[in-house]
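Only one structure is covered here, and it is reproduced in the block below.
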Amino acid sequence: MSFAHDDDSTPESHWRTWEQDRSGADLQIEALFDGRLPSRFILLAAHPDDETLGAGGLLARLAREGVRCDVVVLTDGEASHPDSPTYSRTQLAELRRTEVANAVQVLAPAAALSFEGLPDGGITQEDAAAALTRLLSEGEAPRTLVAAPWRHDGHTDHDAVGRAAAEVCEAHQAPLLEYPIWLWHWGTAEEQADQLADLSLRHLDSDDHTRKTSALATHVSQVAPLSAAPGDEVLLSADFLEHFDRNYEAFFVSEGSSTFERLHQDKADPWEVAERFYERRKRSLTIASLPRERFCRTLEVGCSVGALTRELATVSDNVLALDTSETAVRRTAEVLSTNDAAEARLATVPRDWPREDGPFDLVVLSETGYFLSSDQLDEVIALILASLDEDGVLVLCHWRHPIEGWELDGADVHERVRRVPGLTTLALHTEEDFLLEVFVPPPADSVARREGLL
């Protein structure tokens with residue numbers, strides 16, 4: 001695809017109709033990182049202003065959430081007005097570097113801004129890949145989110161940067177968001193239907209939208225003429241800019257591998273649950289703590305390789321086991337292969353909560369709750385309450401030692417559940433290493449009372 005900046009632009013009214021007709025949920029950045037925000041955001045721009053046009057709202061939001069943000073501008077944009085009689089390429093480069101610095105100050109004042117100085121109009125895929133590889137080597141790539149121009153945007157620099165980002169992010173298993181810019185200018189919903197089907201939208205709140213609008217205005221050399229002289233005409237027309245006054249940004253998403261998927265890919269049994277006596281004993285205590293001999297429908301959230309799932313299947317007529325790792329789900333399915341009433345399913349909670357599969361009379365959350373954010377845990381607890389039958393049982397079991405890199409620990413998880421009005425503790429087993437707690441709807445009938453001994 002090739003085009004000229006002064007070609008007739010597809011009207012924004014066309015894209016408003018497309019947006020109204022499309023279906024699909026909003027892009028959730030947390031879903032790319034096991035329910036958490038990334039620790040770092042690298043925003044690649046081929047030219048000054050790409051960062052604002054393509055992902056300015058996302059940059060503003062992640063910076064406000066405390067994510068470390070790096071804005072990397074690969075060229076100085078010195079070729080934007082090749083026939084300018086008033087500005088040399090050197091002067092244009094200096095002007096545009098100042099403009100992008102002002103834009104980033106509006107969007108994310110604490111963000112680190114750097115320039116690679118690659119030739120405007122001559123970025124090679126190799127040079128862009130080298131720059132991104134160097135950046136990813138500075139931190140934990142899988143906890144880093146990268147945004148870059150779309151590899152099919154139709155501008156040679158954008159396409160080269162997009163291809164490079166796709167190659168490097170795949171090698172580093174880092175999630176990648178590719179933002180289209182010129183697609184909105186030359187494309188149509190009909191001709192690009194197959195590509196647009198893979199596009200995810202992320203809606204902006206009023207603050208993000210305001211910051212993006214203000215930041216775009218700082219790119220004066222692009223949104224207004226340099227002068228009245230021929231060769232200094234405005235580069236980004238009002239019709240083109242209308243595409244970026246939306247309440248959303250759009251991305252093609254390459255997810256990379258989640259933390260838990262990498263763990264299960266790297267090692268057949270990441271926590272050695274089959275080998276360690278500690279794990280075998282903990283599972284035995286979990287099963288022994290159940291207040292009934294048998295259950296009808298059991299849900300296990302976070303099954304890993306299926307060691308506990310297999311034992312839950314011995315006391316359940318039906319078992320549904322969930323995990324966010326595809327490899328873990330496959331291994332659990334192998335463990336359950338001889339049991340037609342047990343299923344392992346790929347799911348990330350709370351997003352993929354199995355509402356249609358309940359109600360459950362047993363829900364097990366073992367060594368999983370602290371991998372959720374506070375808000376996610378609250379939502380999961382509410383979903384559990386809504387999914388338990390009137391006599392349902394909830395079992396929690398969690399490590400008591402510090403959990404590095406996560407918001408919650410085991411004690412936090414149990415305390416959150418204890419505060420829920422619809423559940424009360426029936427049994428509590430506390431050791432130095434873990435908590436095992438059984439919750440039931442109040443009032444809690446003891447096993448002896450159920451058996452008619454009292």
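In the structure tokens, chains take the letters A, B, ... in the order shown, each chain's residues start at 1, and ligands count up from 1 in the order shown.
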
Residue contacts of segment 392-402 of chain A (6 Å, only C-alpha atoms) excluding same-chain residues fewer than 5 positions away, as a PyMOL selection string: chain A and resi 361-367+410+433-440

Could you produce a table of the residues of segment 8-92 of chain A lying within 9 Å of segment 161-175 of chain A, with the nearest pair of atoms per residue and their separation in Å rounded to one decimal, using only C-alpha atoms, ordered by chain and increasing residue number, as a Markdown table?
```
| residue | atom | partner | partner_atom | distance |
| --- | --- | --- | --- | --- |
| A:Leu32 | CA | A:Pro175 | CA | 6.9 |
| A:Phe33 | CA | A:Pro175 | CA | 8.6 |
| A:Leu44 | CA | A:Val161 | CA | 8.1 |
| A:Ala45 | CA | A:Val161 | CA | 8.3 |
| A:Ala46 | CA | A:Val161 | CA | 6.8 |
| A:Leu74 | CA | A:Val161 | CA | 8.8 |
```

At a cut-off of 10 Å, using only C-alpha atoms, what residues contact Ser284 of chain A? Leave out same-chain residues fewer than 4 positions from it and give the result as a short mmCIF file (atom, residue, chain, number, x, y, z; two decimals) with C-alpha atoms, in the first residue's frame.
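The resulting file, out.cif, is reproduced below:
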```cif
data_model
loop_
_atom_site.label_atom_id
_atom_site.label_comp_id
_atom_site.auth_asym_id
_atom_site.auth_seq_id
_atom_site.Cartn_x
_atom_site.Cartn_y
_atom_site.Cartn_z
CA GLU A 279 2.55 -30.79 48.34
CA ARG A 280 1.21 -34.33 48.68
CA ALA A 288 -9.66 -34.51 54.53
CA SER A 289 -10.99 -31.06 55.44
CA LEU A 308 -5.29 -31.60 43.13
CA GLU A 311 -8.05 -35.99 43.86
#
```

Give the answer as one residue: which of A:Ala307, A:Ala60, A:Ala386, A:Leu372 has the shortest atom-to-atom distance to Ser214 of chain A, using only C-alpha atoms?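 Closest to Ser214 of chain A of all the choices is A:Ala60.
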
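Taking the backbone of this structure through DSSP, the residues of segment 276-369 of chain A that come out as strand (DSSP E or B) are Phe295, Cys296, Arg297, Thr298, Leu299, Glu300, Val301, Ser316, Asp317, Asn318, Val319, Leu320, Ala321, Leu322, Asp323, Ala342, Glu343, Ala344, Arg345, Leu346, Phe360, Asp361, Leu362, Val363, Val364, Leu365 and Ser366 of chain A.
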
Just write the chosen residues, C-alpha atoms, as a PDB file, in the first residue's frame.
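Output file selection-v2.pdb is given in full below:
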```pdb
ATOM      1  CA  PHE A 295     -19.980 -33.407  45.950  1.00  0.00           C
ATOM      2  CA  CYS A 296     -22.065 -33.048  42.836  1.00  0.00           C
ATOM      3  CA  ARG A 297     -20.343 -30.231  40.944  1.00  0.00           C
ATOM      4  CA  THR A 298     -16.825 -28.957  41.770  1.00  0.00           C
ATOM      5  CA  LEU A 299     -14.996 -25.917  40.393  1.00  0.00           C
ATOM      6  CA  GLU A 300     -11.227 -25.605  40.823  1.00  0.00           C
ATOM      7  CA  VAL A 301      -9.742 -22.200  39.993  1.00  0.00           C
ATOM      8  CA  SER A 316     -16.982 -35.271  42.917  1.00  0.00           C
ATOM      9  CA  ASP A 317     -19.516 -36.391  40.359  1.00  0.00           C
ATOM     10  CA  ASN A 318     -18.352 -33.592  38.028  1.00  0.00           C
ATOM     11  CA  VAL A 319     -15.243 -31.400  38.063  1.00  0.00           C
ATOM     12  CA  LEU A 320     -14.417 -28.258  36.080  1.00  0.00           C
ATOM     13  CA  ALA A 321     -10.787 -27.097  36.412  1.00  0.00           C
ATOM     14  CA  LEU A 322      -9.635 -23.692  35.119  1.00  0.00           C
ATOM     15  CA  ASP A 323      -6.184 -22.303  34.389  1.00  0.00           C
ATOM     16  CA  ALA A 342     -13.969 -34.003  34.588  1.00  0.00           C
ATOM     17  CA  GLU A 343     -12.924 -31.129  32.312  1.00  0.00           C
ATOM     18  CA  ALA A 344      -9.949 -28.762  32.170  1.00  0.00           C
ATOM     19  CA  ARG A 345     -10.594 -25.403  30.508  1.00  0.00           C
ATOM     20  CA  LEU A 346      -8.452 -22.410  29.524  1.00  0.00           C
ATOM     21  CA  PHE A 360     -21.367 -25.526  42.220  1.00  0.00           C
ATOM     22  CA  ASP A 361     -21.518 -27.168  45.603  1.00  0.00           C
ATOM     23  CA  LEU A 362     -17.720 -27.033  45.968  1.00  0.00           C
ATOM     24  CA  VAL A 363     -15.321 -24.280  44.819  1.00  0.00           C
ATOM     25  CA  VAL A 364     -11.593 -24.661  45.471  1.00  0.00           C
ATOM     26  CA  LEU A 365      -9.172 -21.718  45.314  1.00  0.00           C
ATOM     27  CA  SER A 366      -5.769 -23.213  46.113  1.00  0.00           C
TER      28      SER A 366
END
```

With distances taken over only C-alpha atoms, which residue among A:Pro48, A:Pro109, A:Pro441, A:Pro230 lies nearest Thr218 of chain A?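 Going through A:Pro48, A:Pro109, A:Pro441, A:Pro230 one by one, the smallest distance to Thr218 of chain A is for A:Pro48.
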
Enumerate the residues of segment 188-282 of chain A with a DSSP assignment of alpha helix (DSSP H), computed from the backbone, and present them as JSON, numbers by chain. {"A": [193, 194, 195, 196, 206, 207, 208, 209, 210, 211, 212, 213, 214, 215, 216, 217, 220, 221, 222, 223, 238, 239, 240, 241, 259, 260, 261, 262, 263, 264, 265, 266, 277, 278, 279, 280, 281, 282]}

Save out the residues we just selected, N, CA, C and O atoms, as a compact mmCIF listing (two decimals), in the first residue's frame.
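Once written, part.txt looks like this:
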```
# COMPACT_ATOMS: atom_id res chain seq x y z
N ALA A 193 -11.91 -5.43 5.69
CA ALA A 193 -12.77 -6.13 6.65
C ALA A 193 -12.02 -7.25 7.38
O ALA A 193 -12.16 -7.42 8.60
N ASP A 194 -11.24 -8.03 6.66
CA ASP A 194 -10.53 -9.16 7.30
C ASP A 194 -9.53 -8.67 8.33
O ASP A 194 -9.40 -9.25 9.41
N GLN A 195 -8.81 -7.61 8.01
CA GLN A 195 -7.83 -7.08 8.96
C GLN A 195 -8.52 -6.42 10.15
O GLN A 195 -8.11 -6.61 11.30
N LEU A 196 -9.57 -5.68 9.89
CA LEU A 196 -10.26 -4.98 10.97
C LEU A 196 -10.93 -5.93 11.96
O LEU A 196 -11.16 -5.57 13.11
N SER A 206 -12.50 10.68 29.86
CA SER A 206 -12.44 12.09 29.47
C SER A 206 -11.06 12.70 29.72
O SER A 206 -10.58 13.52 28.92
N ASP A 207 -10.39 12.27 30.78
CA ASP A 207 -9.06 12.82 31.08
C ASP A 207 -8.05 12.37 30.03
O ASP A 207 -7.25 13.18 29.55
N ASP A 208 -8.06 11.08 29.69
CA ASP A 208 -7.14 10.58 28.67
C ASP A 208 -7.39 11.29 27.33
O ASP A 208 -6.44 11.64 26.61
N HIS A 209 -8.66 11.47 26.98
CA HIS A 209 -9.00 12.12 25.71
C HIS A 209 -8.52 13.57 25.71
O HIS A 209 -7.97 14.06 24.71
N THR A 210 -8.71 14.27 26.82
CA THR A 210 -8.29 15.67 26.91
C THR A 210 -6.78 15.79 26.79
O THR A 210 -6.25 16.67 26.10
N ARG A 211 -6.07 14.89 27.48
CA ARG A 211 -4.60 14.93 27.41
C ARG A 211 -4.12 14.65 25.98
O ARG A 211 -3.18 15.28 25.50
N LYS A 212 -4.76 13.69 25.32
CA LYS A 212 -4.36 13.38 23.95
C LYS A 212 -4.59 14.57 23.03
O LYS A 212 -3.72 14.90 22.21
N THR A 213 -5.73 15.22 23.15
CA THR A 213 -6.04 16.39 22.34
C THR A 213 -5.02 17.51 22.58
O THR A 213 -4.52 18.14 21.63
N SER A 214 -4.69 17.74 23.83
CA SER A 214 -3.73 18.79 24.17
C SER A 214 -2.33 18.45 23.66
O SER A 214 -1.60 19.32 23.17
N ALA A 215 -1.95 17.18 23.78
CA ALA A 215 -0.63 16.76 23.32
C ALA A 215 -0.52 16.89 21.81
O ALA A 215 0.52 17.31 21.28
N LEU A 216 -1.59 16.53 21.10
CA LEU A 216 -1.54 16.63 19.64
C LEU A 216 -1.37 18.08 19.20
O LEU A 216 -0.67 18.36 18.20
N ALA A 217 -1.92 19.00 19.95
CA ALA A 217 -1.81 20.42 19.60
C ALA A 217 -0.38 20.92 19.72
O ALA A 217 -0.02 21.94 19.11
N VAL A 220 2.88 21.42 16.50
CA VAL A 220 2.43 22.55 15.68
C VAL A 220 2.89 22.41 14.24
O VAL A 220 2.16 22.74 13.30
N SER A 221 4.10 21.90 14.02
CA SER A 221 4.63 21.81 12.66
C SER A 221 3.84 20.84 11.80
O SER A 221 3.94 20.88 10.56
N GLN A 222 3.05 19.98 12.41
CA GLN A 222 2.28 18.99 11.67
C GLN A 222 0.82 19.35 11.53
O GLN A 222 0.17 18.99 10.55
N VAL A 223 0.28 20.06 12.51
CA VAL A 223 -1.16 20.35 12.50
C VAL A 223 -1.46 21.76 11.99
O VAL A 223 -2.64 22.13 11.86
N ALA A 238 -7.29 18.71 8.60
CA ALA A 238 -8.36 18.64 9.60
C ALA A 238 -9.16 17.35 9.44
O ALA A 238 -9.57 16.73 10.43
N ASP A 239 -9.39 16.92 8.19
CA ASP A 239 -10.11 15.67 7.96
C ASP A 239 -9.35 14.49 8.53
O ASP A 239 -9.94 13.57 9.12
N PHE A 240 -8.03 14.49 8.36
CA PHE A 240 -7.21 13.40 8.89
C PHE A 240 -7.22 13.43 10.42
O PHE A 240 -7.38 12.39 11.08
N LEU A 241 -7.06 14.60 11.01
CA LEU A 241 -7.00 14.71 12.47
C LEU A 241 -8.30 14.31 13.13
O LEU A 241 -8.31 13.90 14.30
N THR A 259 2.89 -15.17 32.25
CA THR A 259 3.87 -15.66 33.23
C THR A 259 3.66 -17.14 33.49
O THR A 259 4.62 -17.93 33.52
N PHE A 260 2.42 -17.56 33.65
CA PHE A 260 2.15 -18.95 34.01
C PHE A 260 2.34 -19.88 32.81
O PHE A 260 2.74 -21.02 32.97
N GLU A 261 2.07 -19.38 31.61
CA GLU A 261 2.32 -20.21 30.44
C GLU A 261 3.82 -20.47 30.29
O GLU A 261 4.25 -21.59 29.99
N ARG A 262 4.64 -19.45 30.52
CA ARG A 262 6.09 -19.65 30.42
C ARG A 262 6.57 -20.64 31.47
O ARG A 262 7.43 -21.48 31.20
N LEU A 263 6.03 -20.53 32.69
CA LEU A 263 6.43 -21.46 33.74
C LEU A 263 6.15 -22.90 33.34
O LEU A 263 6.99 -23.79 33.51
N HIS A 264 4.98 -23.14 32.77
CA HIS A 264 4.61 -24.51 32.41
C HIS A 264 5.30 -24.98 31.14
O HIS A 264 5.52 -26.18 30.95
N GLN A 265 5.67 -24.05 30.27
CA GLN A 265 6.45 -24.42 29.10
C GLN A 265 7.87 -24.80 29.49
O GLN A 265 8.46 -25.72 28.90
N ASP A 266 8.42 -24.07 30.47
CA ASP A 266 9.81 -24.29 30.85
C ASP A 266 10.02 -25.54 31.69
O ASP A 266 11.11 -26.12 31.70
N PHE A 277 6.81 -34.09 49.18
CA PHE A 277 5.94 -34.55 50.27
C PHE A 277 5.10 -33.41 50.79
O PHE A 277 3.92 -33.60 51.13
N TYR A 278 5.67 -32.20 50.87
CA TYR A 278 4.93 -31.03 51.31
C TYR A 278 3.64 -30.87 50.51
O TYR A 278 2.55 -30.65 51.07
N GLU A 279 3.72 -30.98 49.20
CA GLU A 279 2.55 -30.79 48.34
C GLU A 279 1.57 -31.96 48.48
O GLU A 279 0.35 -31.75 48.51
N ARG A 280 2.10 -33.17 48.54
CA ARG A 280 1.21 -34.33 48.68
C ARG A 280 0.44 -34.27 49.99
O ARG A 280 -0.76 -34.56 50.05
N ARG A 281 1.14 -33.89 51.07
CA ARG A 281 0.50 -33.79 52.38
C ARG A 281 -0.56 -32.70 52.37
O ARG A 281 -1.67 -32.87 52.92
N LYS A 282 -0.26 -31.57 51.75
CA LYS A 282 -1.21 -30.46 51.70
C LYS A 282 -2.48 -30.87 50.95
O LYS A 282 -3.59 -30.52 51.35
```

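Between Val104 of chain A and the candidates A:Val72, A:Ala427, A:Ala274, A:Leu204, the tightest atom-to-atom separation, counting only C-alpha atoms, involves A:Val72.
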
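Of the listed residues A:Leu145, A:Cys303, A:Ala382, A:Val67, the one whose atoms come nearest to Ala110 of chain A is A:Val67, with distances taken using only C-alpha atoms.
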
By how many Å are atom CA of Ala148 of chain A and atom CA of Trp18 of chain A apart?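 These atoms are spaced 23.4 Å apart.
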
Leaving out Pro291 of chain A and any residue of its chain fewer than 2 positions from it, which residues lie within 8 Å of it when counting only C-alpha atoms, given as a PyMOL selection string? chain A and resi 289+293+446-447

Produce a file of the selected residues containing C-alpha atoms, as an mmCIF file, in the first residue's frame.
```
data_model
loop_
_atom_site.group_PDB
_atom_site.id
_atom_site.type_symbol
_atom_site.label_atom_id
_atom_site.label_comp_id
_atom_site.auth_asym_id
_atom_site.auth_seq_id
_atom_site.Cartn_x
_atom_site.Cartn_y
_atom_site.Cartn_z
ATOM 1 C CA SER A 289 -10.990 -31.056 55.442
ATOM 2 C CA GLU A 293 -17.984 -37.265 51.627
ATOM 3 C CA SER A 446 -20.477 -29.200 61.949
ATOM 4 C CA VAL A 447 -19.863 -32.584 60.374
#
```

Who sits within 8 Å of segment 20-30 of chain A, only C-alpha atoms, same chain under 5 positions skipped, as a list of chain:residue names: A:Gly35, A:Arg36, A:Leu37, A:Pro38, A:Ser200, A:Leu201, A:Arg202, A:His203

Using only C-alpha atoms, which residues sit within 12 Å of Ala108 of chain A once same-chain residues fewer than 5 positions away are excluded, as a ChimeraX atom specification? /A:41,43,51-52,55-71,100-103,113,208,211-212,215

Rank A:Phe371, A:Phe252, A:Phe244, A:Trp184 by their smallest atom-to-atom distance to Trp150 of chain A, using only C-alpha atoms, and report the top residue only. A:Phe252

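Across A:Asp205, A:Glu272, A:Asp391, A:Thr124, the tightest approach to Arg246 of chain A is made by A:Asp205 when counting only C-alpha atoms.
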